[in-house]
Amino acid sequence: MVILNTVTTIKNSTTIAIGGFDGMHIGHQALFNELGENGTIVVIETGYANLTPKRCREKFTNKNIIYLELESIRHLDGVGFMKLLNEKFVDLEKIVVGYDFHFGKDRRYSYVDLTELFDGEVVVVDEVTHKNDSVHSHKIRAKLQIGDIKSANEFLGHNYTIIGKHIRGQGIGAKELVATINVQATEFLMPKEGVYATLTRINDEEHFHPSVSFVGHRVTTDGSFAIETHILDGEVTCKERVEISFVAYIRGNEKFDSLEELKKMIQKDIAKASKELKFLQL
Ligand SMILES: Cc1cc2nc3c(=O)[nH]c(=O)nc-3n(C[C@H](O)[C@H](O)[C@H](O)COP(=O)(O)O)c2cc1C
Ligand SMILES: Nc1ncnc2c1ncn2[C@@H]1O[C@H](COP(=O)(O)OP(=O)(O)OP(=O)(O)O)[C@@H](O)[C@H]1O
């Protein structure tokens with residue numbers, strides 16, 4: 001990961017797009033489309049990104065990404081911020097931002113100031129909307145939190161995906177219910193508690209498996225929080241890394257009086273998830 005504060009200069013990058021870019025949603029992609037061949041994405045890292053934390057943004061672009069820690073630039077005024085960009089990007093000719101981009105101390109400066117401060121070209125991308133609604137990371141978070149996976153995915157332009165590590169479960173699943181892979185993915189926003197039709201990739205496999213996943217507190221068993229995925233197309237061996245893409249919300253988290261009842265419900269979940277995933281190209 002390249003952090004701008006720690007590098008002296010970046011050569012051959014004539015165009016940059018600037019923003020937080022958490023989610024790498026369709027609004028962000030409209031900016032990246034303006035970058036051209038020698039373009040670089042400059043991520044202002046707030047530390048709060050939880051849709052595409054850390055290096056996960058890299059999954060959704062083939063452009064170079066450089067990170068700029070908000071803490072180290074938040075005190076700068078417009079002139080200071082522009083000076084930093086010019087010093088770091090020695091070949092800079094063009095800056096791409098969105099219609100609502102703000103920067104500098106107290107987010108006081110807009111693209112209008114940028115146009116005045118920068119000698120080169122400033123491209124301002126118009127508001128990207130979906131079904132008449134402005135696309136933004138905070139709206140995607142809100143949709144995930146109410147389980148509206150389908151419209152969160154429409155805003156994202158890809159399936160909401162979390163990446164985590166395989167951890168040990170309680171050991172009840174395979175014996176009494178269905179076999180599940182238990183996952184820990186603390187840096188990501190968790191969608192609403194419940195059951196989802198998902199696609200799961202194990203380690204660095206090429207393909208995603210159709211799967212049904214549970215996210216939430218296991219109120220029927222030990223009450224602890226868990227992310228569990230049950231693979232629908234056979235048995236897999238999971239060593240370390242698990243990637244879960246959410247496709248559709250099936251139902252909310254429920255407390256069952258017995259494991260028997262939970263098992264019956266899980267069979268229904270499997271049928272629903274299979275139906276949701278049937279038409280997808282895996
Ligand atoms: C498709 C699916 C749906 C689930 N739904 C619920 C649920 O509604 N309520 C609940 O308490 N646990 C639910 N669970 C989690 C089970 O309680 C959990 O798999 C079980 O406790 C075994 O955990 P283990 O894999 O750590 O052994 C679900 C699990 C799966 C795979
Ligand atoms: N819907 C959109 N249309 C056009 N440009 C956008 C849109 N959303 C964000 N941008 C631009 O993308 C860059 C990154 O913005 P930012 O990281 O603030 O995204 P955001 O989705 O607006 O996030 P948040 O919801 O947290 O405000 C900025 O230059 C911003 O103006």
# chains A, B, ... in the order shown; residues from 1 in each chain; ligands from 1
>>> select_by_dssp(residues="range 13-164 of chain A", states="strand (DSSP E)", output="number ranges by chain")
A: 15-19, 39-45, 64-69, 94-98, 102-103, 109-110, 121-125, 129-130, 133-134, 160-164
>>> residues_near_ligand(ligand="ligand 2", cutoff="6 Å", atoms="only C-alpha atoms and all ligand atoms", output="list in words")
Ile18, Gly19, Gly20, Phe21, Asp22, Gly27, His28, Val97, Gly98, Tyr99, Asp100, Phe101, Val125, Asp126, Glu127, Val128, Thr129, Ser134, Val135, His136, Ser137 and His138 of chain A
>>> residues_around(residues="range 87-89 of chain A", least_positions_apart="3", cutoff="6 Å", atoms="only C-alpha atoms", output="short mmCIF file (atom, residue, chain, number, x, y, z; two decimals) with C-alpha atoms, in the first residue's frame")
data_model
loop_
_atom_site.label_atom_id
_atom_site.label_comp_id
_atom_site.auth_asym_id
_atom_site.auth_seq_id
_atom_site.Cartn_x
_atom_site.Cartn_y
_atom_site.Cartn_z
CA THR A 9 7.28 12.25 -5.50
CA ILE A 10 5.09 10.31 -7.90
CA LEU A 84 1.03 19.21 -1.46
CA LEU A 92 0.06 16.58 -12.67
#
>>> residues_near_ligand(ligand="ligand 1", cutoff="7 Å", atoms="only C-alpha atoms and all ligand atoms", output="number ranges by chain")
A: 169-174, 177-182, 194-195, 212-214, 217-222, 228-230, 252-256, 262, 266, 269-270
>>> closest_atom_pairs(of="range 240-282 of chain A", to="range 148-167 of chain A", cutoff="9 Å", atoms="only C-alpha atoms", output="Markdown table")
| residue | atom | partner | partner_atom | distance |
| --- | --- | --- | --- | --- |
| A:Glu240 | CA | A:His166 | CA | 5.1 |
| A:Arg241 | CA | A:Lys165 | CA | 4.7 |
| A:Val242 | CA | A:Gly164 | CA | 5.4 |
| A:Glu243 | CA | A:Ile163 | CA | 4.4 |
| A:Ile244 | CA | A:Ile162 | CA | 5.4 |
| A:Ser245 | CA | A:Thr161 | CA | 4.2 |
| A:Phe246 | CA | A:Tyr160 | CA | 5.5 |
| A:Val247 | CA | A:Asn159 | CA | 6.3 |
| A:Ala248 | CA | A:Ile149 | CA | 5.8 |
| A:Tyr249 | CA | A:Ile149 | CA | 6.3 |
>>> write_last_selection(atoms="C-alpha atoms", output="PDB file, in the first residue's frame")
ATOM      1  CA  GLU A 240      -7.640 -19.189   5.838  1.00  0.00           C
ATOM      2  CA  ARG A 241      -9.343 -16.576   3.780  1.00  0.00           C
ATOM      3  CA  VAL A 242     -13.053 -16.320   3.038  1.00  0.00           C
ATOM      4  CA  GLU A 243     -14.819 -13.824   0.814  1.00  0.00           C
ATOM      5  CA  ILE A 244     -18.617 -13.513   1.070  1.00  0.00           C
ATOM      6  CA  SER A 245     -20.663 -11.562  -1.486  1.00  0.00           C
ATOM      7  CA  PHE A 246     -24.220 -10.756  -0.445  1.00  0.00           C
ATOM      8  CA  VAL A 247     -26.832 -11.232  -3.152  1.00  0.00           C
ATOM      9  CA  ALA A 248     -30.273 -11.259  -1.478  1.00  0.00           C
ATOM     10  CA  TYR A 249     -31.799 -10.955   1.968  1.00  0.00           C
TER      11      TYR A 249
END
>>> atom_distance(atom1="CA of Ala226 in chain A", atom2="CA of Met24 in chain A")
26.2 Å
>>> atom_distance(atom1="CA of Arg168 in chain A", atom2="CA of Val183 in chain A")
8.3 Å
>>> residues_around(residues="range 34-46 of chain A", least_positions_apart="2", cutoff="9 Å", atoms="only C-alpha atoms", output="tab-separated table (two decimals) with N, CA and C atoms, in the first residue's frame")
chain	number	residue	atom	x	y	z
A	4	LEU	N	0.81	8.33	0.59
A	4	LEU	CA	1.40	9.51	-0.05
A	4	LEU	C	2.34	10.28	0.88
A	12	ASN	N	4.98	10.38	-13.65
A	12	ASN	CA	4.18	9.82	-14.76
A	12	ASN	C	2.69	9.74	-14.48
A	13	SER	N	2.24	10.37	-13.41
A	13	SER	CA	0.81	10.35	-13.16
A	13	SER	C	0.28	11.73	-13.52
A	14	THR	N	-0.37	11.82	-14.68
A	14	THR	CA	-0.81	13.13	-15.16
A	14	THR	C	-2.19	13.51	-14.63
A	15	THR	N	-2.96	12.48	-14.24
A	15	THR	CA	-4.33	12.74	-13.78
A	15	THR	C	-4.59	12.06	-12.44
A	16	ILE	N	-5.30	12.74	-11.55
A	16	ILE	CA	-5.69	12.10	-10.29
A	16	ILE	C	-7.19	12.34	-10.02
A	17	ALA	N	-7.81	11.36	-9.36
A	17	ALA	CA	-9.18	11.53	-8.86
A	17	ALA	C	-9.08	11.52	-7.34
A	18	ILE	N	-9.78	12.45	-6.68
A	18	ILE	CA	-9.62	12.56	-5.22
A	18	ILE	C	-10.93	12.33	-4.48
A	19	GLY	N	-10.85	11.58	-3.35
A	19	GLY	CA	-12.02	11.39	-2.50
A	19	GLY	C	-11.79	10.29	-1.48
A	20	GLY	N	-12.82	10.01	-0.71
A	20	GLY	CA	-12.73	8.93	0.28
A	20	GLY	C	-12.88	7.57	-0.39
A	21	PHE	N	-13.80	7.49	-1.32
A	21	PHE	CA	-14.01	6.30	-2.15
A	21	PHE	C	-14.27	5.02	-1.36
A	22	ASP	N	-15.01	5.12	-0.26
A	22	ASP	CA	-15.37	3.90	0.46
A	22	ASP	C	-16.56	3.26	-0.26
A	29	GLN	N	-17.03	5.34	-9.64
A	29	GLN	CA	-16.56	4.78	-10.92
A	29	GLN	C	-16.67	5.82	-12.04
A	30	ALA	N	-17.67	6.73	-11.92
A	30	ALA	CA	-17.80	7.78	-12.94
A	30	ALA	C	-16.56	8.68	-12.94
A	31	LEU	N	-15.97	8.88	-11.77
A	31	LEU	CA	-14.73	9.67	-11.69
A	31	LEU	C	-13.58	8.89	-12.32
A	32	PHE	N	-13.52	7.60	-12.00
A	32	PHE	CA	-12.39	6.79	-12.50
A	32	PHE	C	-12.41	6.72	-14.03
A	48	TYR	N	-12.47	5.51	8.75
A	48	TYR	CA	-13.83	5.02	9.00
A	48	TYR	C	-14.38	4.16	7.86
A	49	ALA	N	-13.57	3.91	6.85
A	49	ALA	CA	-14.07	3.13	5.71
A	49	ALA	C	-14.42	1.72	6.18
A	54	LYS	N	-9.28	-0.64	4.07
A	54	LYS	CA	-7.89	-0.94	3.69
A	54	LYS	C	-7.73	-1.19	2.20
A	63	LYS	N	-6.97	0.76	-11.65
A	63	LYS	CA	-6.11	1.94	-11.54
A	63	LYS	C	-5.22	1.84	-10.31
A	64	ASN	N	-4.16	2.60	-10.36
A	64	ASN	CA	-3.27	2.72	-9.21
A	64	ASN	C	-3.96	3.47	-8.08
A	65	ILE	N	-3.78	3.02	-6.85
A	65	ILE	CA	-4.37	3.77	-5.72
A	65	ILE	C	-3.26	4.23	-4.78
A	66	ILE	N	-3.38	5.48	-4.36
A	66	ILE	CA	-2.44	6.03	-3.39
A	66	ILE	C	-3.25	6.59	-2.22
A	67	TYR	N	-2.78	6.33	-1.02
A	67	TYR	CA	-3.56	6.72	0.17
A	67	TYR	C	-2.97	7.96	0.83
A	68	LEU	N	-3.87	8.84	1.23
A	68	LEU	CA	-3.47	10.06	1.91
A	68	LEU	C	-4.25	10.10	3.22
A	69	GLU	N	-3.53	10.08	4.35
A	69	GLU	CA	-4.21	10.02	5.65
A	69	GLU	C	-4.87	11.38	5.95
A	70	LEU	N	-6.15	11.37	6.24
A	70	LEU	CA	-6.88	12.61	6.52
A	70	LEU	C	-6.21	13.39	7.66
A	71	GLU	N	-5.77	12.66	8.68
A	71	GLU	CA	-5.15	13.30	9.85
A	71	GLU	C	-3.99	14.22	9.46
A	94	LYS	N	-4.19	17.13	-14.64
A	94	LYS	CA	-5.66	17.13	-14.54
A	94	LYS	C	-6.11	16.55	-13.18
A	95	ILE	N	-7.11	17.18	-12.58
A	95	ILE	CA	-7.68	16.66	-11.32
A	95	ILE	C	-9.17	16.37	-11.55
A	96	VAL	N	-9.60	15.18	-11.16
A	96	VAL	CA	-11.01	14.79	-11.31
A	96	VAL	C	-11.65	14.73	-9.92
A	123	VAL	N	-11.68	18.51	-13.78
A	123	VAL	CA	-12.90	17.88	-14.33
A	123	VAL	C	-13.85	17.65	-13.18
A	125	VAL	N	-17.26	15.93	-12.10
A	125	VAL	CA	-18.24	14.94	-12.55
A	125	VAL	C	-19.61	15.27	-11.95
>>> closest_residue(among="A:Cys56, A:Tyr111, A:Ala142, A:Glu205", to="Val124 in chain A", atoms="only C-alpha atoms")
A:Tyr111
